[in-house]
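Participant: Let me give you the structure first, and then I'll get to my questions.
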Amino acid sequence: MLTDIEDIDIKKLSKIYDSGNRDSFISLYLDFDNLDDKFIEQRRNACKSVLKSDRDLLSNFEKTMQQVDRYAETQNREKGQRALIIFASHLNNFFSVYKISVPADNLLIIDTSPYIRPIARLRDEYETSGLILLDNHRAKLYIVSSGRANYVKKTAMDIMNKHKKGGWSQARFQRSRKGAIKSFFKEVSEHAKELFGDDVVKIVIAGPGNAKLAFRNFLPPEIGEKVIDLIDMDFDEAEGKLVSEAVNIVSEDERKTSEENVRILKGEILKGSLAVYGLKETVRAVRNGQVELLLVSKGYRVKGWICEKCQAVEQGVEDRCPYCGSEVSEADIVEEIVEFAERTNTEIEFVEDSPILNELGGVGGLLKFIVD
Ligand SMILES: [Zn+2]
């Protein structure tokens, strides 16, 4: 079965780590449409040669990969599946698989914990959105997530036939028809309110002619403010085309939102108020639960270390934790910040490589409050 990106329990994954600080977790992301046959083999050999000096870790790696192989042998690519994600650790008796319908970069990473950054990023890119297709007497409502549409409601009103009989005058018929359209729009807006809950942050309205403009006025304000675009579309247009247009509009809007948020961050920094930037400050603020929105530059990685025992994370190289003396392990600080953010329910915005954000250290955050 395919898993919606939204349904992956990323918070739970962000809390899983090897208590002995060992690099025992394998995170595997495979994009079936862009998979080089040699990818796994090459990564496997590279990891093995690095782990050679540690017999336990090497044996864990081999056993974990055997588990992955055994799983792969029994599975076929599912209809609509684009990528496969596996988190596994033989030492921790952990094995978790997700089949998803959106592309992911191929990765095989060994770390002290599941590598969740790509999931957080996909989640930001493929926001759940609502799609309303309507004309004057028919409507279809969809929820679009992981790039796929789920049909949630179809509703129609047979306006013409309802008033056929009775020998009404043309004027009376027109008045009645207008009234019927109004009540139809009202009904559709009730459905939208009911179906598009908190998960749906963006809505696209599609359909022929002026119906969508007129309909928009019937939406309650809390739904109306989520509408990002109206598109001209024949009511009977193929669903695939409709959905892909809506997905493109939503992702374009998401890109603009990211840019806007970087501008807001910059403004807050200039004012010296509710913002943090740079690795050290951002790590601290995220862990304090101070961050309203975490901004992360998409491709940014920073070499550092993490102590899983006291959860210290810093840039640079250390063998032992300067705070508790435990052995530390190498880490990508940005991944660690993302994990802290998931644990503290902080919203994350991944930003296309932004010179402003990169200059600020690749990460930054808009704050809810300031701690002295
Ligand atoms: Zn420590």
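Ordered as shown in the structure tokens, chains take letters A, B, and onward, while each chain numbers its residues from 1 and ligands are numbered from 1 in the order shown.
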Report as an mmCIF file with N, CA and C atoms, in the first residue's frame which protein, DNA and RNA residues come within 7 Å of ligand 1, using only C-alpha atoms and all ligand atoms.

Facilitator:
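Heads up, here's the output in out.cif:
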data_model
loop_
_atom_site.group_PDB
_atom_site.id
_atom_site.type_symbol
_atom_site.label_atom_id
_atom_site.label_comp_id
_atom_site.auth_asym_id
_atom_site.auth_seq_id
_atom_site.Cartn_x
_atom_site.Cartn_y
_atom_site.Cartn_z
ATOM 1 N N CYS A 307 25.983 14.309 20.371
ATOM 2 C CA CYS A 307 26.070 13.404 21.502
ATOM 3 C C CYS A 307 24.640 12.959 21.779
ATOM 4 N N GLU A 308 24.333 11.685 21.484
ATOM 5 C CA GLU A 308 22.950 11.224 21.673
ATOM 6 C C GLU A 308 22.600 11.153 23.158
ATOM 7 N N LYS A 309 23.653 11.113 23.995
ATOM 8 C CA LYS A 309 23.374 11.010 25.430
ATOM 9 C C LYS A 309 22.819 12.313 25.995
ATOM 10 N N CYS A 310 23.510 13.425 25.749
ATOM 11 C CA CYS A 310 22.980 14.680 26.288
ATOM 12 C C CYS A 310 22.407 15.563 25.190
ATOM 13 N N GLN A 311 22.353 15.006 23.973
ATOM 14 C CA GLN A 311 21.734 15.700 22.851
ATOM 15 C C GLN A 311 22.418 17.018 22.470
ATOM 16 N N ALA A 312 23.716 17.094 22.771
ATOM 17 C CA ALA A 312 24.466 18.275 22.333
ATOM 18 C C ALA A 312 24.778 18.130 20.850
ATOM 19 N N CYS A 321 32.174 14.081 23.896
ATOM 20 C CA CYS A 321 31.313 15.228 24.183
ATOM 21 C C CYS A 321 31.956 16.085 25.274
ATOM 22 N N PRO A 322 32.155 17.377 25.026
ATOM 23 C CA PRO A 322 32.782 18.231 26.039
ATOM 24 C C PRO A 322 31.886 18.424 27.273
ATOM 25 N N TYR A 323 30.624 18.044 27.196
ATOM 26 C CA TYR A 323 29.702 18.260 28.322
ATOM 27 C C TYR A 323 29.550 17.040 29.215
ATOM 28 N N CYS A 324 29.487 15.829 28.583
ATOM 29 C CA CYS A 324 29.261 14.640 29.413
ATOM 30 C C CYS A 324 30.326 13.574 29.235
ATOM 31 N N GLY A 325 31.252 13.791 28.306
ATOM 32 C CA GLY A 325 32.346 12.838 28.144
ATOM 33 C C GLY A 325 32.032 11.602 27.311
ATOM 34 N N SER A 326 30.765 11.465 26.848
ATOM 35 C CA SER A 326 30.421 10.299 26.022
ATOM 36 C C SER A 326 31.064 10.411 24.649
#

Participant: Please identify all polymer residues within 8 Å of Tyr29 of chain A, counting only C-alpha atoms, omitting same-chain residues fewer than 5 positions from it, and present them as a PyMOL selection string.

Facilitator: chain A and resi 83-86+104-108

Participant: What would the file look like if the residues just selected were written as a PDB file, in the first residue's frame with N, CA and C atoms?

Facilitator:
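Printed below is part35.pdb as written:
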ATOM      1  N   ALA A  83       8.717   6.006  -5.204  1.00  0.00           N
ATOM      2  CA  ALA A  83       9.944   5.804  -4.424  1.00  0.00           C
ATOM      3  C   ALA A  83       9.695   4.893  -3.232  1.00  0.00           C
ATOM      4  N   LEU A  84      10.810   4.397  -2.692  1.00  0.00           N
ATOM      5  CA  LEU A  84      10.759   3.513  -1.532  1.00  0.00           C
ATOM      6  C   LEU A  84      11.675   4.091  -0.449  1.00  0.00           C
ATOM      7  N   ILE A  85      11.182   4.075   0.777  1.00  0.00           N
ATOM      8  CA  ILE A  85      12.015   4.548   1.890  1.00  0.00           C
ATOM      9  C   ILE A  85      12.100   3.433   2.924  1.00  0.00           C
ATOM     10  N   ILE A  86      13.321   3.104   3.341  1.00  0.00           N
ATOM     11  CA  ILE A  86      13.481   2.104   4.400  1.00  0.00           C
ATOM     12  C   ILE A  86      14.388   2.667   5.499  1.00  0.00           C
ATOM     13  N   ALA A 104      11.977  10.909  -4.850  1.00  0.00           N
ATOM     14  CA  ALA A 104      12.902  11.268  -3.766  1.00  0.00           C
ATOM     15  C   ALA A 104      14.312  11.015  -4.285  1.00  0.00           C
ATOM     16  N   ASP A 105      15.275  11.777  -3.837  1.00  0.00           N
ATOM     17  CA  ASP A 105      16.650  11.538  -4.277  1.00  0.00           C
ATOM     18  C   ASP A 105      17.172  10.220  -3.707  1.00  0.00           C
ATOM     19  N   ASN A 106      17.930   9.477  -4.524  1.00  0.00           N
ATOM     20  CA  ASN A 106      18.512   8.230  -4.047  1.00  0.00           C
ATOM     21  C   ASN A 106      19.537   8.495  -2.948  1.00  0.00           C
ATOM     22  N   LEU A 107      19.393   7.753  -1.862  1.00  0.00           N
ATOM     23  CA  LEU A 107      20.309   7.943  -0.734  1.00  0.00           C
ATOM     24  C   LEU A 107      20.490   6.638   0.020  1.00  0.00           C
ATOM     25  N   LEU A 108      21.699   6.391   0.460  1.00  0.00           N
ATOM     26  CA  LEU A 108      21.903   5.327   1.447  1.00  0.00           C
ATOM     27  C   LEU A 108      22.796   5.950   2.507  1.00  0.00           C
TER      28      LEU A 108
END

Participant: With only C-alpha atoms as the basis for distance, which of A:Lys11, A:Arg117, A:Arg263, A:Lys38 is at the shortest distance from Ala275 of chain A?

Facilitator: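 Among the listed residues, A:Arg263 lies closest to Ala275 of chain A.
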
Participant: May I have a table of the residues of segment 241-327 of chain A lying at most 8 Å from segment 351-354 of chain A, giving each one's closest pair of atoms and their distance in Å to one decimal, counting only C-alpha atoms, ordered by chain and ascending residue number, as a tab-separated table?

Facilitator:
residue	atom	partner	partner_atom	distance
A:Arg255	CA	A:Val351	CA	7.6
A:Ser258	CA	A:Val351	CA	5.6
A:Glu259	CA	A:Val351	CA	7.2
A:Leu295	CA	A:Val351	CA	6.7
A:Val296	CA	A:Val351	CA	5.9
A:Ser297	CA	A:Val351	CA	4.8
A:Lys298	CA	A:Val351	CA	5.5
A:Gly299	CA	A:Asp353	CA	7.0

Participant: May I have the residues from that selection written out with C-alpha atoms, as a PDB file, in the first residue's frame?

Facilitator:
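Contents of result06.pdb, freshly written:
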ATOM      1  CA  ARG A 255       7.992  28.604  -3.715  1.00  0.00           C
ATOM      2  CA  SER A 258       9.372  30.478   0.939  1.00  0.00           C
ATOM      3  CA  GLU A 259      10.865  33.531  -0.696  1.00  0.00           C
ATOM      4  CA  LEU A 295      13.804  28.123   7.423  1.00  0.00           C
ATOM      5  CA  VAL A 296      16.288  25.672   5.925  1.00  0.00           C
ATOM      6  CA  SER A 297      18.245  26.101   2.737  1.00  0.00           C
ATOM      7  CA  LYS A 298      17.465  23.027   0.631  1.00  0.00           C
ATOM      8  CA  GLY A 299      20.865  21.624  -0.204  1.00  0.00           C
TER       9      GLY A 299
END

Participant: Restricting the calculation to only C-alpha atoms, which member of A:Val188, A:Ile116, A:Ala139, A:Val302 is positioned closest to Ile333 of chain A?

Facilitator: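 Answer, going by the shortest atom-to-atom distance: A:Val302.
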
Participant: From the list A:Ala341, A:Ala88, A:Val201, A:Ile228, which residue is nearest Tyr17 of chain A when using only C-alpha atoms?

Facilitator: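 Of the candidates, the smallest distance to Tyr17 of chain A is held by A:Ala88.
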
Participant: Would you give me, as a ChimeraX atom specification, the residues in segment 89-309 of chain A that DSSP reads as strand (DSSP E)?

Facilitator: /A:89,94-100,107-111,129-134,138-145,148-156,202-207,227-232,275-277,291-297,303-307

Participant: Between atom CA of Glu254 of chain A and atom CA of Tyr300 of chain A, what is the distance, to one decimal in Å?

Facilitator: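 Straight-line distance from atom CA of Glu254 of chain A to atom CA of Tyr300 of chain A works out to 19.0 Å.
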
Participant: Give the answer as one residue: which of A:Ser89, A:Ser329, A:Ser129, A:Asn60 has the shortest atom-to-atom distance to Ile143 of chain A, using only C-alpha atoms?

Facilitator: A:Ser129

Participant: Nearest to Ile337 of chain A: which of A:Val68, A:Ile356, A:Ala149, A:Ala120 is it, counting only C-alpha atoms?

Facilitator: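 Nearest to Ile337 of chain A: A:Ala120.
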